[in-house]
Amino acid sequence: MAAPARPRPLPYPRPKEPAAVEPEATASAGTDRRRFLSYLIAAPTLVVAARLGAQAIHPEPAGAAVPSLPEPSDLFDLGDLQNLAASPTSGLISVVVNTDGTASFAMPRAEVGQGITTAIAMLIAEEIDLPLEKVDVTLADARPELVWNQLTGGSNTIRSLYTPVRIAAAGARSRLISTAAKQWKVPPSTLTAKDGVITSKSGKTVTYGAIAAAAAASKSSTVSVNLKPTKDFTVIGKSTNRVDALAAVTGAKVYTMDLVVPNALPTMVCRPPTINGTVKSVANLAAVKAMPGITDVAIVSTGVAVRGNTFGQCIDAVDALVVTWGPGTEDHQSDETVLAELKKAEIPLAVPPLNLLAKSIESEFTFYFRSNSPLETNCAIADVRKDSAEIWSSMKSPVVAQETIAQDLKLPVKAVTCHVMQGGGSFGRHLFFDAAREAAEISQKMGKPVKLMWHRTDDFRHGRTHPMATSRIRVNYSGKNVLTYEQRHTSVSTDFTHGFGEILTEFAAELPLGNLTFAETIFELTQNVPYNFGVTTQLLNEVDLGFHTGSMRNIYSPDVCTATELMVDQLAAAMKVDPYVFRKQFLKDARSKAVLDKAAQVGGWGKTMPAGTAQGIALHNEYKGCSAALVEIDCRPETVNRPIENGVTGPRVTKVVYVVDVGLPINPKGLEAQMLGGIMDGIAQVLTSSLHFKNGIPLEGSWDNYYYTRQWNVPLDVQVVIMPPTTGKPGGAGEFGVASSMAAIACAYARATGTMPTSFPINHNEPLGFTPLPLEPPLPEEPTNGLG
């Protein structure tokens with residue numbers, strides 16, 4: 001009997017160990033670069049998964065011999081680690097061919113606006129030979145059997161799924177063709193497949209949908225498949241509109257707050273005036289519960305939760321609560337005290353300043369806290385019963401979320417269902433599932449379903465931040481040679497409890513790094529200096545101060561790269577060499593030189609510019625790719641002092657040329673969009689965006705206080721250049737646009753003003769352009785209402 005049109009792939013049994021699978025066809029000895037094994041999974045319709053072992057992971061070694069030894073990330077980077085962790089369960093990822101002729105795939109990653117549903121659909125369409133519109137990619141619920149193969153981060157989604165998804169799709173196509181060949185009693189090699197239709201030499205045809213049930217396997221087995229060579233791609237590498245674009249612009253796209261779950265009423269939380277404060281008492285709990293529309297009020301671990309008929313009623317109730325708060329973890333911390341702690345924790349530079357024939361350049365940079373808030377405020381829906389729980393939220397680490405929530409609720413993991421929803425942005429924020437965890441706690445305490453939404457002020461004051469950091473660099477050089485390069489990055493600790501830490505624990509023995517902390521390991525797996533600077537060391541030290549930090553877009557790289565590239569400009573000036581020429585002379589590899597040359601060529605490097613304006617150029621390598629940015633900035637008084645609401649505009653970036661090489665770009669249009677977003681991040685982090693901490697809380701309370709890149713400082717001339725494929729595999733791209741654009745802007749500012757900036761953003765220590773709410777955050781023990 002044929003299956004329904006769109007069966008969900010999750011309920012079907014899957015082989016858990018290759019040893020339990022009987023081969024249907026014998027693979028050739030030694031799997032070549034395009035020949036793989038796929039699983040045929042027992043199911044009512046055709047379901048095919050990839051079989052991919054650790055032997056398929058080939059970290060690219062450093063190429064040429066260079067004066068600077070390869071750094072750890074040159075040999076084995078964070079993406080390689082994630083691939084290694086995901087590999088054992090890659091066979092549990094399956095493509096389903098439905099009886100209506102479509103293919104469906106429950107993607108074990110989170111779509112948060114980065115466009116991966118489109119890219120994954122393109123991979124499937126390419127290998128299975130279906131029109132893109134007939135491929136349906138949804139988001140998989142938490143699947144604990146995937147272990148580390150359901151974590152979205154580290155610009156790794158395409159790198160880790162590129163081969164397994166293609167194998168599964170190619171296996172489906174192969175099975176469909178072999179089934180048709182068997183029915184028609186002809187060799188499979190005589191049949192062709194295109195746009196979901198199989199055709200014989202005699203002209204006989206059958207659609208995928210018509211043969212899907214017949215192609216279904218009665219038992220799990222393996223089949224050998226060949227992947228398409230790059231030269232035959234017709235979908236991969238072609239600029240493609242997002243599959244969800246129409247839904248996004250028409251409001252049809254469904255986010256967490258759009259869901260209607262029976263009896264899940266609006267819920268909000270009155271939060272403490274300082275980070276991690278606790279409730280000591282509530283003076284008017286009964287009175288608030290009696291307010292119009294309010295159904296429940298409950299004290300929870302994060303504050304006082306209120307549930308009502310509307311969010312407006314919840315806001316009124318939160319505002320009316322009179323709470324006495326206990327101390328938090330950072331009650332008296334400010335920017336000044338945090339900076340002092342960081343300076344005390346800085347690792348000493350090992351190589352002393354040289355003299356006689358050698359010279360030294362040394363500088364220290366400060367990077368203040370930045371908000372990790374996406375446009376969609378933190379939210380979740382929870383329905384907790386006596387023996388089960390169901391959660392809906394945007395979660396980039398749903399397996400860890402499921403396990404944690406089950407532990408909180410004292411339920412078996414299998415009793416907790418976590419539905420991964422589309423997210424309205426993330427940039428690392430949704431690696432943390434605090435909204436889902438909080439909603440579950442509230443639902444259990446109230447005994448009712450809840451639809452939890454954080455107030456925007458909650459996002460900024462109690463959400464995640466990019467850690468404040470310092471970066472100290474010393475370079476020793478002689479003549480035209482750099483002898484040593486040392487960078488000591490000191491940061492407020494980055495929280496890696498979202499899943500990365502567990503991966504590092506699991507695979508620590510296989511890493512070429514020795515006994516390092518989680519943060520040090522991730523630092524070493526992501527950071528590198530792309531130049532031949534002699535003896536090169538980059539080290540991290542962190543100070544655990546109890547702040548809510550996170551893996552904000554590109555983690556350490558924007559700060560580390562900006563400090564590095566500013567020092568590169570200083571070196572070039574000391575040696576009296578043009579900054580572009582200097583970089584080209586010292587770069588380690590041909591791909592880096594190619595993106596640098598392209599940026600200089602397209603951007604018109606070296607042209608004459610008016611006083612107060614300048615160009616800047618910078619380079620960054622990461623995630624098996626490389627990028628270069630050339631920017632132009634206007635720092636003239638008439639530009640800097642343009643009046644706007646709450647102050648003046650400041651410098652304006654007027655032009656950006658961004659060149660990126662990601663190896664094999666899957667969707668150039670999507671890649672361009674990613675880089676454009678990264679450029680906006682770079683502008684913000686150099687010029688305008690930061691959090692000001694005072695008495696243990698950020699003063700910023702919303703986007704109108706937090707000066708992310710606005711329309712008035714977006715450059716009118718932006719060009720993203722995507723290099724032709726340079727490798728046969730895609731590199732990471734989601735975070736790649738930030739570091740080199742941020743560094744190039746900082747370099748341009750230094751050249752335009754004649755002063756190298758050492759504190760970021762450059763306006764952080766200027767008077768606030770807004771009135772904080774509340775103006776003075778009350779200290780613990782003082783009664784306060786929720787939102788000020």
# chains A, B, ... in the order shown; residues from 1 in each chain; ligands from 1
$ residues_around --residues "A:Ala574" --least-positions-apart "6" --cutoff "10 Å" --atoms "only C-alpha atoms" --output "list in words"
Lys359, Ser360, Ile361, Tyr477, Gly479, Lys480 and Val568 of chain A
$ select_by_dssp --residues "stretch 318-384 of chain A" --states "helix (DSSP H, G or I)" --output "VMD selection string"
chain A and resid 318 to 320 335 to 345
$ residues_around --residues "stretch 373-377 of chain A" --least-positions-apart "2" --cutoff "8 Å" --atoms "only C-alpha atoms" --output "ChimeraX atom specification"
/A:371,379,423-427,429,453-456,459-460,463-465
$ closest_residue --among "A:Lys182, A:Lys624, A:Arg474, A:Lys729" --to "A:Leu78" --atoms "only C-alpha atoms"
A:Lys624
$ residues_around --residues "A:Leu81" --least-positions-apart "5" --cutoff "9 Å" --atoms "only C-alpha atoms" --output "VMD selection string"
chain A and resid 76 86 503 to 504 507 511 525
$ residues_around --residues "A:Gly499" --least-positions-apart "3" --cutoff "7 Å" --atoms "only C-alpha atoms" --output "list in words"
Ser397, Val400, Phe496, Glu502 and Ile503 of chain A
$ write_last_selection --atoms "all heavy atoms" --output "PDB file, in the first residue's frame"
ATOM      1  N   SER A 397      20.848  24.035  19.820  1.00  0.00           N
ATOM      2  CA  SER A 397      21.398  22.833  20.461  1.00  0.00           C
ATOM      3  C   SER A 397      20.259  22.087  21.153  1.00  0.00           C
ATOM      4  O   SER A 397      20.231  21.953  22.377  1.00  0.00           O
ATOM      5  CB  SER A 397      22.489  23.210  21.467  1.00  0.00           C
ATOM      6  OG  SER A 397      22.012  24.197  22.373  1.00  0.00           O
ATOM      7  N   VAL A 400      20.882  19.030  23.718  1.00  0.00           N
ATOM      8  CA  VAL A 400      21.309  19.463  25.050  1.00  0.00           C
ATOM      9  C   VAL A 400      20.133  20.102  25.786  1.00  0.00           C
ATOM     10  O   VAL A 400      19.950  19.898  26.991  1.00  0.00           O
ATOM     11  CB  VAL A 400      22.491  20.446  24.958  1.00  0.00           C
ATOM     12  CG1 VAL A 400      22.941  20.901  26.348  1.00  0.00           C
ATOM     13  CG2 VAL A 400      23.660  19.802  24.220  1.00  0.00           C
ATOM     14  N   PHE A 496      30.400  28.182  27.170  1.00  0.00           N
ATOM     15  CA  PHE A 496      30.288  27.123  26.165  1.00  0.00           C
ATOM     16  C   PHE A 496      29.470  25.943  26.672  1.00  0.00           C
ATOM     17  O   PHE A 496      29.656  24.808  26.221  1.00  0.00           O
ATOM     18  CB  PHE A 496      31.676  26.646  25.735  1.00  0.00           C
ATOM     19  CG  PHE A 496      32.441  27.647  24.915  1.00  0.00           C
ATOM     20  CD1 PHE A 496      33.596  28.223  25.415  1.00  0.00           C
ATOM     21  CD2 PHE A 496      31.998  28.032  23.670  1.00  0.00           C
ATOM     22  CE1 PHE A 496      34.309  29.156  24.671  1.00  0.00           C
ATOM     23  CE2 PHE A 496      32.695  28.960  22.917  1.00  0.00           C
ATOM     24  CZ  PHE A 496      33.852  29.523  23.420  1.00  0.00           C
ATOM     25  N   GLU A 502      30.815  19.961  25.631  1.00  0.00           N
ATOM     26  CA  GLU A 502      30.685  18.516  25.694  1.00  0.00           C
ATOM     27  C   GLU A 502      31.401  17.836  24.524  1.00  0.00           C
ATOM     28  O   GLU A 502      31.997  16.767  24.672  1.00  0.00           O
ATOM     29  CB  GLU A 502      29.200  18.126  25.705  1.00  0.00           C
ATOM     30  CG  GLU A 502      28.497  18.412  27.028  1.00  0.00           C
ATOM     31  CD  GLU A 502      28.038  19.862  27.144  1.00  0.00           C
ATOM     32  OE1 GLU A 502      28.409  20.675  26.280  1.00  0.00           O
ATOM     33  OE2 GLU A 502      27.327  20.173  28.102  1.00  0.00           O
ATOM     34  N   ILE A 503      31.334  18.470  23.352  1.00  0.00           N
ATOM     35  CA  ILE A 503      32.051  17.917  22.198  1.00  0.00           C
ATOM     36  C   ILE A 503      33.548  17.895  22.473  1.00  0.00           C
ATOM     37  O   ILE A 503      34.242  16.907  22.198  1.00  0.00           O
ATOM     38  CB  ILE A 503      31.751  18.738  20.926  1.00  0.00           C
ATOM     39  CG1 ILE A 503      30.284  18.564  20.516  1.00  0.00           C
ATOM     40  CG2 ILE A 503      32.669  18.318  19.784  1.00  0.00           C
ATOM     41  CD1 ILE A 503      29.881  19.426  19.333  1.00  0.00           C
TER      42      ILE A 503
END
$ atom_distance --atom1 "atom CA of A:Gly696" --atom2 "atom CA of A:Pro767"
19.1 Å
$ residues_around --residues "stretch 413-418 of chain A" --least-positions-apart "6" --cutoff "12 Å" --atoms "only C-alpha atoms" --output "VMD selection string"
chain A and resid 139 to 145 380 to 407 433 436 to 437 440
$ select_by_dssp --residues "stretch 187-419 of chain A" --states "strand (DSSP E or B)" --output "ChimeraX atom specification"
/A:192-194,197-199,205-207,217,221-226,255,265-270,278-282,294-300,303-308,323-326,359-367,370-371,379-384,389-393,416-419
$ residues_around --residues "A:Val738" --least-positions-apart "5" --cutoff "8 Å" --atoms "only C-alpha atoms" --output "PyMOL selection string"
chain A and resi 553-554+558+675+678-682
$ atom_distance --atom1 "atom CA of A:Tyr368" --atom2 "atom CA of A:Arg636"
25.2 Å
